Protein chains: 2
Amino acid sequence: MRTRPLKVALLGCGVVGSEVARIMTTHADDLAARIGAPVELAGVAVRRPSKVREGIDPALVTTDATALVKRGDIDVVIEVIGGIEPARTLITTAFEHGASVVSANKALLAEDGATLYAAAERHGRDLYFEAAVAGAIPLIRPLRESLAGDKVNRVLGIVNGTTNFILDKMDTSGAGYTEALDEATALGYAEADPTADVEGFDAAAKAAILASIAFHTRVRLDDVHREGLTEVTAADIASAKRMGCTVKLLAICERAADGRSVTARVHPAMIPLSHPLASVREAYNAVFVESEAAGQLMFYGPGAGGAPTASAVLGDLVAVCRNQLAGATGPGESAYTQLPVSPMGEVVTRYHISLDVADKPGVLAQVATVFAEHGVSIDTVRQQGKDGEASLVVVTHRAPDAALSGTVEALRKLDTVRGVASIMRVEGE
Amino acid sequence: MRTRPLKVALLGCGVVGSEVARIMTTHADDLAARIGAPVELAGVAVRRPSKVREGIDPALVTTDATALVKRGDIDVVIEVIGGIEPARTLITTAFEHGASVVSANKALLAEDGATLYAAAERHGRDLYFEAAVAGAIPLIRPLRESLAGDKVNRVLGIVNGTTNFILDKMDTSGAGYTEALDEATALGYAEADPTADVEGFDAAAKAAILASIAFHTRVRLDDVHREGLTEVTAADIASAKRMGCTVKLLAICERAADGRSVTARVHPAMIPLSHPLASVREAYNAVFVESEAAGQLMFYGPGAGGAPTASAVLGDLVAVCRNQLAGATGPGESAYTQLPVSPMGEVVTRYHISLDVADKPGVLAQVATVFAEHGVSIDTVRQQGKDGEASLVVVTHRAPDAALSGTVEALRKLDTVRGVASIMRVEGE
């Protein structure tokens, strides 16, 4: 074994960073044996240097992250500060000064992964980011490496723990969205400002990363159709149950049937209870991958948290260190297919539509005509009437999303349709 | 991209080998883009050269596998013939002649992995074997690489599709073992001679491989305690249901609580219906991994079959080829912990014991005394009596397996115990 240690700079020392530092210390011997050389924490860049950080030598702490990555003797930079800047500049600077980078920064990778990959390649260094998607669950490596000899057609995942906790709570207790969000906040599953989670931004960033890797093309955050779960009601959940389904916020990346384009989207959807993703409870994450040869695979585990995310970071650290000792690099960007990303309107899916209608003869015929005019075939209709009002629940067959939303648009204009109570896509069948 | 192709020799062209050859041809462009150089099928060693093999140039086919691996221009040897010899000699010869090896050979890796690893290291070549455990499910790579910065404490898996199909059939239809095996055979899930599957040899080989990698030590097939499922009865399954459990044939690899030894075993066990492994149906495989930082992870997918296994082989092929182009090698054997493998008697687990007893006062007291004398604490007892006969179902708390089997031994000697109807371990709680 080499005795001269590999030097690691840690950018950020919050929930994840402090756990990374802790494990690097407590498991130093194991890491050294697995890498083939010891690793040494050479510096920790933080915003608040006065905060006491147990187990971290205060002499290593600095507020000058730029100076740290420019030191020239750093072998690996671990970036766990998040956000676009200064993270992006720090990472590219790290590459320029000879370091490889392990990052957990989903927002940056989804926004501008290409810039990072290019900088890594220019300087012959590694960019690893297992922790950016689904925390501890090995997912990036299986997609980049294990399935490198296969053709992935679909990735369907629960990649945000906060929203899964909320939906699970609504499903099991019958609570409404606001009540379930309050409980998630009280238990620490949701942040004070839950926007990034509940509006689907977090999941959309992960969808962009997963789609890019799965389809060997570039998919950016802006390419991902995004709908949050703030409009999901207790009635939607109850309606899903009647259909033998549950509601999940899904990240869905698909290759088009003709193979010439891909799509990526995040939205609430009904999935059958028999689908393996339906039983993913609380804040757990799970990702379902469908590929040509392997068939259906699922990866399940904790999608967030300090220790789980640190596990993913440290797995990458071992790989990157091994590569450096071997004078090699791991896989870089693979975007050779250059497949375009189609807009949401071209996604082929199914709708579950709940309408409030007048309770009089001929309404169903009118409604059915609108579907037919838009080329949308109806799977099932359920009518419930009381006191001159009635509700009509229509589940469609698969059709382009544009045709489905055009249908809904036209339904709203019918005199006999008093309102569209809810629209939800049906997936995973 | 390099234009000179990497040359691949395929040893074996059965269900898996023919699928590997097919995908290498149909997806040649994708493989080349992902590797950075084209790959060329340079030879196929088979036993029956006269058999027509669609899509394979007959000029490539040979019966002389030894000459093929000795050719000297082969970059990668894919071994999918199985068994100990001639596979072992062919693999070590391949390393001697400069090739890296991708193998799906669980029996050989469990029996004598050390010899293969040593030969790979001596010649600076790669030994990859994702396909050896759980078919298409990425498991070896996540354990060897993704979790390389973590400490795995437990691996609990359904790693044999045939036996899971049989148990699932028994569970859903109430069929007995023989009836369920017949159906598995008729549907092609069980081989004409099902011994390797139903007696647990196949799962034990996989347990040895998983334990070795998870705990960074050497665990061989002989170290794995093995019990098949041939004695599981419809009554056991019904009894499991009453407890809110189901029966699965599990491969269980554990680090002892004091961290100084490991155990590996394969046997039928009851697991709670709430455990993610309980819902693994038909011939699917799933492996549950518990590690210190990552927590609980699960990997799920098809555990066998030509295409899924080929997916795993080709993922390894891409990795091995990339390593060769970079002049590097992937992870080799990691056995630095040198942890001893403890015998089954030291495993700490729970028993579900069903006794046929005389229906008279004092029996339960006698039985309870025997448990107490062996230091085994009872969790629950259920008594059912009719016509002077009674059955007593005892579920214990956790205790060393030796104490539990000593208890059963002593129970058999009691006059009031007419027979021990069944004994099954309870896991996954």
# chains A, B, ... in the order shown; residues from 1 in each chain; ligands from 1
$ residues_around --residues "region 76-89 of chain B" --least-positions-apart "2" --cutoff "9 Å" --atoms "only C-alpha atoms" --output "PyMOL selection string"
chain B and resi 6-14+16-17+46+66+69+74+91-95+98-109+111-112+115-116+313+317+320-321
$ interface_residues --of "chain B" --to "chain A" --cutoff "8 Å" --atoms "only C-alpha atoms" --output "PyMOL selection string"
chain B and resi 31+33-34+136-138+141-142+145-150+293-302+307-319+326-329+334+336
$ select_by_dssp --residues "region 244-420 of chain A" --states "helix (DSSP H, G or I)" --output "tab-separated table (two decimals) with C-alpha atoms, in the first residue's frame"
chain	number	residue	atom	x	y	z
A	276	PRO	CA	-43.43	-2.25	-6.82
A	277	LEU	CA	-43.28	1.55	-6.48
A	278	ALA	CA	-46.74	1.64	-4.88
A	279	SER	CA	-45.46	0.13	-1.64
A	306	GLY	CA	-26.66	12.93	6.29
A	307	ALA	CA	-25.35	9.39	6.71
A	308	PRO	CA	-27.00	7.84	3.62
A	309	THR	CA	-25.80	10.68	1.40
A	310	ALA	CA	-22.33	10.43	2.95
A	311	SER	CA	-22.28	6.72	2.07
A	312	ALA	CA	-22.78	7.61	-1.59
A	313	VAL	CA	-20.14	10.37	-1.43
A	314	LEU	CA	-17.58	8.05	0.18
A	315	GLY	CA	-18.24	5.26	-2.34
A	316	ASP	CA	-17.40	7.79	-5.04
A	317	LEU	CA	-14.36	8.97	-3.08
A	318	VAL	CA	-12.97	5.42	-3.02
A	319	ALA	CA	-13.55	5.03	-6.77
A	320	VAL	CA	-12.00	8.39	-7.64
A	321	CYS	CA	-8.97	7.74	-5.43
A	322	ARG	CA	-8.46	4.30	-6.98
A	323	ASN	CA	-8.64	5.86	-10.43
A	324	GLN	CA	-6.05	8.47	-9.47
A	325	LEU	CA	-3.65	5.82	-8.14
A	326	ALA	CA	-4.10	3.88	-11.39
A	344	MET	CA	-44.87	17.10	-22.84
A	345	GLY	CA	-47.56	17.16	-25.53
A	346	GLU	CA	-45.88	14.23	-27.27
A	363	VAL	CA	-74.43	14.29	-20.79
A	364	LEU	CA	-72.37	11.15	-21.17
A	365	ALA	CA	-72.99	11.16	-24.92
A	366	GLN	CA	-71.80	14.78	-25.14
A	367	VAL	CA	-68.72	14.05	-23.08
A	368	ALA	CA	-67.91	10.90	-25.04
A	369	THR	CA	-68.19	12.85	-28.29
A	370	VAL	CA	-65.55	15.34	-27.10
A	371	PHE	CA	-63.13	12.50	-26.35
A	372	ALA	CA	-63.78	10.94	-29.75
A	373	GLU	CA	-63.26	14.25	-31.56
A	401	ASP	CA	-50.69	14.32	-23.70
A	402	ALA	CA	-51.60	17.15	-26.09
A	403	ALA	CA	-54.72	15.27	-27.21
A	404	LEU	CA	-55.65	14.60	-23.59
A	405	SER	CA	-55.23	18.20	-22.50
A	406	GLY	CA	-57.09	19.35	-25.63
A	407	THR	CA	-59.93	17.06	-24.59
A	408	VAL	CA	-60.03	18.58	-21.11
A	409	GLU	CA	-59.98	22.07	-22.61
A	410	ALA	CA	-63.01	21.24	-24.76
A	411	LEU	CA	-64.82	19.55	-21.88
A	412	ARG	CA	-64.55	22.75	-19.83
A	413	LYS	CA	-66.50	24.55	-22.57
$ residues_around --residues "Arg53 (chain A)" --least-positions-apart "3" --cutoff "8 Å" --atoms "only C-alpha atoms" --output "list in words"
Ser18, Ile56 and Pro58 of chain A
$ write_last_selection --atoms "N, CA, C and O atoms" --output "mmCIF file, in the first residue's frame"
data_model
loop_
_atom_site.group_PDB
_atom_site.id
_atom_site.type_symbol
_atom_site.label_atom_id
_atom_site.label_comp_id
_atom_site.auth_asym_id
_atom_site.auth_seq_id
_atom_site.Cartn_x
_atom_site.Cartn_y
_atom_site.Cartn_z
ATOM 1 N N SER A 18 -20.458 17.059 7.372
ATOM 2 C CA SER A 18 -19.940 16.665 8.687
ATOM 3 C C SER A 18 -19.935 15.141 8.828
ATOM 4 O O SER A 18 -19.046 14.565 9.453
ATOM 5 N N ILE A 56 -13.488 17.636 13.925
ATOM 6 C CA ILE A 56 -12.739 18.281 12.841
ATOM 7 C C ILE A 56 -11.718 19.245 13.439
ATOM 8 O O ILE A 56 -12.072 20.152 14.197
ATOM 9 N N PRO A 58 -9.808 22.295 14.029
ATOM 10 C CA PRO A 58 -10.104 23.691 13.636
ATOM 11 C C PRO A 58 -9.065 24.270 12.678
ATOM 12 O O PRO A 58 -9.377 25.162 11.886
#
$ residues_around --residues "Val262 (chain B)" --least-positions-apart "3" --cutoff "7 Å" --atoms "only C-alpha atoms" --output "list in words"
Glu254, Arg255, Ala256, Leu339, Pro340, Val341 and Ser342 of chain B
$ write_last_selection --atoms "all heavy atoms" --output "PDB file, in the first residue's frame"
ATOM      1  N   GLU B 254     -24.077 -12.234   7.483  1.00  0.00           N
ATOM      2  CA  GLU B 254     -24.084 -11.278   8.591  1.00  0.00           C
ATOM      3  C   GLU B 254     -22.706 -11.106   9.217  1.00  0.00           C
ATOM      4  O   GLU B 254     -21.935 -12.049   9.322  1.00  0.00           O
ATOM      5  CB  GLU B 254     -25.058 -11.753   9.686  1.00  0.00           C
ATOM      6  CG  GLU B 254     -26.513 -11.587   9.321  1.00  0.00           C
ATOM      7  CD  GLU B 254     -27.462 -12.180  10.370  1.00  0.00           C
ATOM      8  OE1 GLU B 254     -27.162 -13.285  10.869  1.00  0.00           O
ATOM      9  OE2 GLU B 254     -28.467 -11.540  10.669  1.00  0.00           O
ATOM     10  N   ARG B 255     -22.485  -9.883   9.644  1.00  0.00           N
ATOM     11  CA  ARG B 255     -21.335  -9.579  10.467  1.00  0.00           C
ATOM     12  C   ARG B 255     -21.779  -9.779  11.914  1.00  0.00           C
ATOM     13  O   ARG B 255     -22.874  -9.350  12.281  1.00  0.00           O
ATOM     14  CB  ARG B 255     -20.958  -8.114  10.241  1.00  0.00           C
ATOM     15  CG  ARG B 255     -19.665  -7.658  10.822  1.00  0.00           C
ATOM     16  CD  ARG B 255     -19.552  -6.135  10.712  1.00  0.00           C
ATOM     17  NE  ARG B 255     -19.434  -5.649   9.343  1.00  0.00           N
ATOM     18  CZ  ARG B 255     -18.279  -5.547   8.692  1.00  0.00           C
ATOM     19  NH1 ARG B 255     -17.153  -5.898   9.275  1.00  0.00           N
ATOM     20  NH2 ARG B 255     -18.241  -5.085   7.462  1.00  0.00           N
ATOM     21  N   ALA B 256     -20.978 -10.478  12.727  1.00  0.00           N
ATOM     22  CA  ALA B 256     -21.352 -10.703  14.125  1.00  0.00           C
ATOM     23  C   ALA B 256     -21.437  -9.365  14.846  1.00  0.00           C
ATOM     24  O   ALA B 256     -20.806  -8.389  14.442  1.00  0.00           O
ATOM     25  CB  ALA B 256     -20.334 -11.606  14.808  1.00  0.00           C
ATOM     26  N   LEU B 339     -11.744 -11.805   8.196  1.00  0.00           N
ATOM     27  CA  LEU B 339     -12.644 -12.193   9.282  1.00  0.00           C
ATOM     28  C   LEU B 339     -12.967 -13.681   9.172  1.00  0.00           C
ATOM     29  O   LEU B 339     -13.265 -14.179   8.083  1.00  0.00           O
ATOM     30  CB  LEU B 339     -13.943 -11.379   9.192  1.00  0.00           C
ATOM     31  CG  LEU B 339     -13.802  -9.891   9.506  1.00  0.00           C
ATOM     32  CD1 LEU B 339     -15.089  -9.146   9.156  1.00  0.00           C
ATOM     33  CD2 LEU B 339     -13.477  -9.683  10.976  1.00  0.00           C
ATOM     34  N   PRO B 340     -12.909 -14.419  10.285  1.00  0.00           N
ATOM     35  CA  PRO B 340     -13.258 -15.837  10.225  1.00  0.00           C
ATOM     36  C   PRO B 340     -14.765 -16.024  10.029  1.00  0.00           C
ATOM     37  O   PRO B 340     -15.552 -15.149  10.383  1.00  0.00           O
ATOM     38  CB  PRO B 340     -12.823 -16.366  11.595  1.00  0.00           C
ATOM     39  CG  PRO B 340     -12.861 -15.176  12.484  1.00  0.00           C
ATOM     40  CD  PRO B 340     -12.535 -13.982  11.634  1.00  0.00           C
ATOM     41  N   VAL B 341     -15.142 -17.168   9.460  1.00  0.00           N
ATOM     42  CA  VAL B 341     -16.550 -17.488   9.273  1.00  0.00           C
ATOM     43  C   VAL B 341     -16.980 -18.400  10.429  1.00  0.00           C
ATOM     44  O   VAL B 341     -16.428 -19.492  10.603  1.00  0.00           O
ATOM     45  CB  VAL B 341     -16.788 -18.196   7.925  1.00  0.00           C
ATOM     46  CG1 VAL B 341     -18.285 -18.435   7.721  1.00  0.00           C
ATOM     47  CG2 VAL B 341     -16.205 -17.374   6.782  1.00  0.00           C
ATOM     48  N   SER B 342     -17.920 -17.936  11.208  1.00  0.00           N
ATOM     49  CA  SER B 342     -18.385 -18.732  12.353  1.00  0.00           C
ATOM     50  C   SER B 342     -19.337 -19.824  11.890  1.00  0.00           C
ATOM     51  O   SER B 342     -20.035 -19.667  10.890  1.00  0.00           O
ATOM     52  CB  SER B 342     -19.125 -17.842  13.350  1.00  0.00           C
ATOM     53  OG  SER B 342     -18.257 -16.867  13.841  1.00  0.00           O
TER      54      SER B 342
END
$ residues_around --residues "His352 (chain A)" --least-positions-apart "6" --cutoff "10 Å" --atoms "only C-alpha atoms" --output "MDAnalysis selection string"
chainID A and resid 236 239:240 243 269:270 379:381 393:397 422:426
$ write_last_selection --atoms "N, CA and C atoms" --output "PDB file, in the first residue's frame"
ATOM      1  N   ASP A 236     -58.682  12.958  -4.723  1.00  0.00           N
ATOM      2  CA  ASP A 236     -57.861  12.270  -5.730  1.00  0.00           C
ATOM      3  C   ASP A 236     -57.341  10.944  -5.179  1.00  0.00           C
ATOM      4  N   SER A 239     -60.090   8.495  -4.944  1.00  0.00           N
ATOM      5  CA  SER A 239     -60.446   8.037  -6.283  1.00  0.00           C
ATOM      6  C   SER A 239     -59.425   7.014  -6.787  1.00  0.00           C
ATOM      7  N   ALA A 240     -58.153   7.279  -6.497  1.00  0.00           N
ATOM      8  CA  ALA A 240     -57.097   6.331  -6.880  1.00  0.00           C
ATOM      9  C   ALA A 240     -57.335   4.985  -6.202  1.00  0.00           C
ATOM     10  N   MET A 243     -59.765   2.774  -7.783  1.00  0.00           N
ATOM     11  CA  MET A 243     -59.234   2.153  -9.004  1.00  0.00           C
ATOM     12  C   MET A 243     -58.157   1.109  -8.705  1.00  0.00           C
ATOM     13  N   ALA A 269     -48.994  11.059 -10.156  1.00  0.00           N
ATOM     14  CA  ALA A 269     -49.653  10.092 -11.032  1.00  0.00           C
ATOM     15  C   ALA A 269     -50.224   8.970 -10.191  1.00  0.00           C
ATOM     16  N   MET A 270     -51.271   8.356 -10.737  1.00  0.00           N
ATOM     17  CA  MET A 270     -51.808   7.161 -10.104  1.00  0.00           C
ATOM     18  C   MET A 270     -51.032   5.962 -10.626  1.00  0.00           C
ATOM     19  N   ASP A 379     -61.341   4.259 -21.611  1.00  0.00           N
ATOM     20  CA  ASP A 379     -61.217   2.928 -21.046  1.00  0.00           C
ATOM     21  C   ASP A 379     -62.430   2.607 -20.176  1.00  0.00           C
ATOM     22  N   THR A 380     -62.650   3.433 -19.140  1.00  0.00           N
ATOM     23  CA  THR A 380     -63.810   3.208 -18.272  1.00  0.00           C
ATOM     24  C   THR A 380     -64.460   4.540 -17.914  1.00  0.00           C
ATOM     25  N   VAL A 381     -65.763   4.489 -17.628  1.00  0.00           N
ATOM     26  CA  VAL A 381     -66.509   5.652 -17.147  1.00  0.00           C
ATOM     27  C   VAL A 381     -67.279   5.214 -15.908  1.00  0.00           C
ATOM     28  N   VAL A 393     -66.420  10.032 -13.755  1.00  0.00           N
ATOM     29  CA  VAL A 393     -64.985   9.760 -13.711  1.00  0.00           C
ATOM     30  C   VAL A 393     -64.607   8.955 -14.956  1.00  0.00           C
ATOM     31  N   VAL A 394     -63.750   9.543 -15.756  1.00  0.00           N
ATOM     32  CA  VAL A 394     -63.354   8.917 -17.012  1.00  0.00           C
ATOM     33  C   VAL A 394     -61.877   8.527 -16.943  1.00  0.00           C
ATOM     34  N   VAL A 395     -61.576   7.289 -17.275  1.00  0.00           N
ATOM     35  CA  VAL A 395     -60.175   6.886 -17.422  1.00  0.00           C
ATOM     36  C   VAL A 395     -59.953   6.541 -18.887  1.00  0.00           C
ATOM     37  N   THR A 396     -58.937   7.161 -19.466  1.00  0.00           N
ATOM     38  CA  THR A 396     -58.721   7.003 -20.910  1.00  0.00           C
ATOM     39  C   THR A 396     -57.738   5.873 -21.212  1.00  0.00           C
ATOM     40  N   HIS A 397     -57.711   5.489 -22.468  1.00  0.00           N
ATOM     41  CA  HIS A 397     -56.608   4.668 -22.953  1.00  0.00           C
ATOM     42  C   HIS A 397     -55.413   5.584 -23.214  1.00  0.00           C
ATOM     43  N   SER A 422     -60.751  17.113 -11.116  1.00  0.00           N
ATOM     44  CA  SER A 422     -59.332  16.755 -11.079  1.00  0.00           C
ATOM     45  C   SER A 422     -58.912  16.022 -12.340  1.00  0.00           C
ATOM     46  N   ILE A 423     -57.639  16.140 -12.635  1.00  0.00           N
ATOM     47  CA  ILE A 423     -57.029  15.448 -13.768  1.00  0.00           C
ATOM     48  C   ILE A 423     -55.759  14.820 -13.233  1.00  0.00           C
ATOM     49  N   MET A 424     -55.583  13.558 -13.449  1.00  0.00           N
ATOM     50  CA  MET A 424     -54.323  12.955 -13.055  1.00  0.00           C
ATOM     51  C   MET A 424     -53.919  11.873 -14.041  1.00  0.00           C
ATOM     52  N   ARG A 425     -52.615  11.798 -14.293  1.00  0.00           N
ATOM     53  CA  ARG A 425     -52.141  10.768 -15.217  1.00  0.00           C
ATOM     54  C   ARG A 425     -52.064   9.412 -14.509  1.00  0.00           C
ATOM     55  N   VAL A 426     -52.192   8.373 -15.278  1.00  0.00           N
ATOM     56  CA  VAL A 426     -52.123   7.008 -14.754  1.00  0.00           C
ATOM     57  C   VAL A 426     -50.887   6.348 -15.373  1.00  0.00           C
TER      58      VAL A 426
END
$ residues_around --residues "Asp197 (chain A)" --least-positions-apart "3" --cutoff "7 Å" --atoms "only C-alpha atoms" --output "JSON list (two decimals) with N, CA, C and O atoms, in the first residue's frame"
[["chain", "number", "residue", "atom", "x", "y", "z"],
["A", 160, "ASN", "N", -38.03, 11.90, -4.52],
["A", 160, "ASN", "CA", -38.11, 12.96, -3.51],
["A", 160, "ASN", "C", -38.82, 12.43, -2.28],
["A", 160, "ASN", "O", -40.01, 12.09, -2.33],
["A", 162, "THR", "N", -39.57, 13.92, 0.64],
["A", 162, "THR", "CA", -40.55, 14.80, 1.28],
["A", 162, "THR", "C", -41.94, 14.58, 0.69],
["A", 162, "THR", "O", -42.92, 14.39, 1.41],
["A", 163, "THR", "N", -42.00, 14.60, -0.64],
["A", 163, "THR", "CA", -43.31, 14.46, -1.27],
["A", 163, "THR", "C", -43.86, 13.05, -1.10],
["A", 163, "THR", "O", -45.07, 12.85, -1.00],
["A", 194, "PRO", "N", -40.94, 24.72, 1.65],
["A", 194, "PRO", "CA", -40.94, 23.41, 0.98],
["A", 194, "PRO", "C", -41.03, 23.48, -0.53],
["A", 194, "PRO", "O", -41.20, 22.45, -1.19],
["A", 200, "GLY", "N", -41.85, 20.20, -7.14],
["A", 200, "GLY", "CA", -41.22, 19.24, -8.05],
["A", 200, "GLY", "C", -39.87, 19.67, -8.61],
["A", 200, "GLY", "O", -39.33, 18.97, -9.48],
["A", 201, "PHE", "N", -39.31, 20.79, -8.16],
["A", 201, "PHE", "CA", -38.02, 21.24, -8.72],
["A", 201, "PHE", "C", -36.91, 20.23, -8.40],
["A", 201, "PHE", "O", -36.08, 19.92, -9.25],
["A", 202, "ASP", "N", -36.89, 19.76, -7.16],
["A", 202, "ASP", "CA", -35.87, 18.79, -6.75],
["A", 202, "ASP", "C", -35.96, 17.52, -7.60],
["A", 202, "ASP", "O", -34.96, 17.03, -8.14]]
$ atom_distance --atom1 "CA of Ala211 (chain B)" --atom2 "CA of Asp29 (chain A)"
19.9 Å
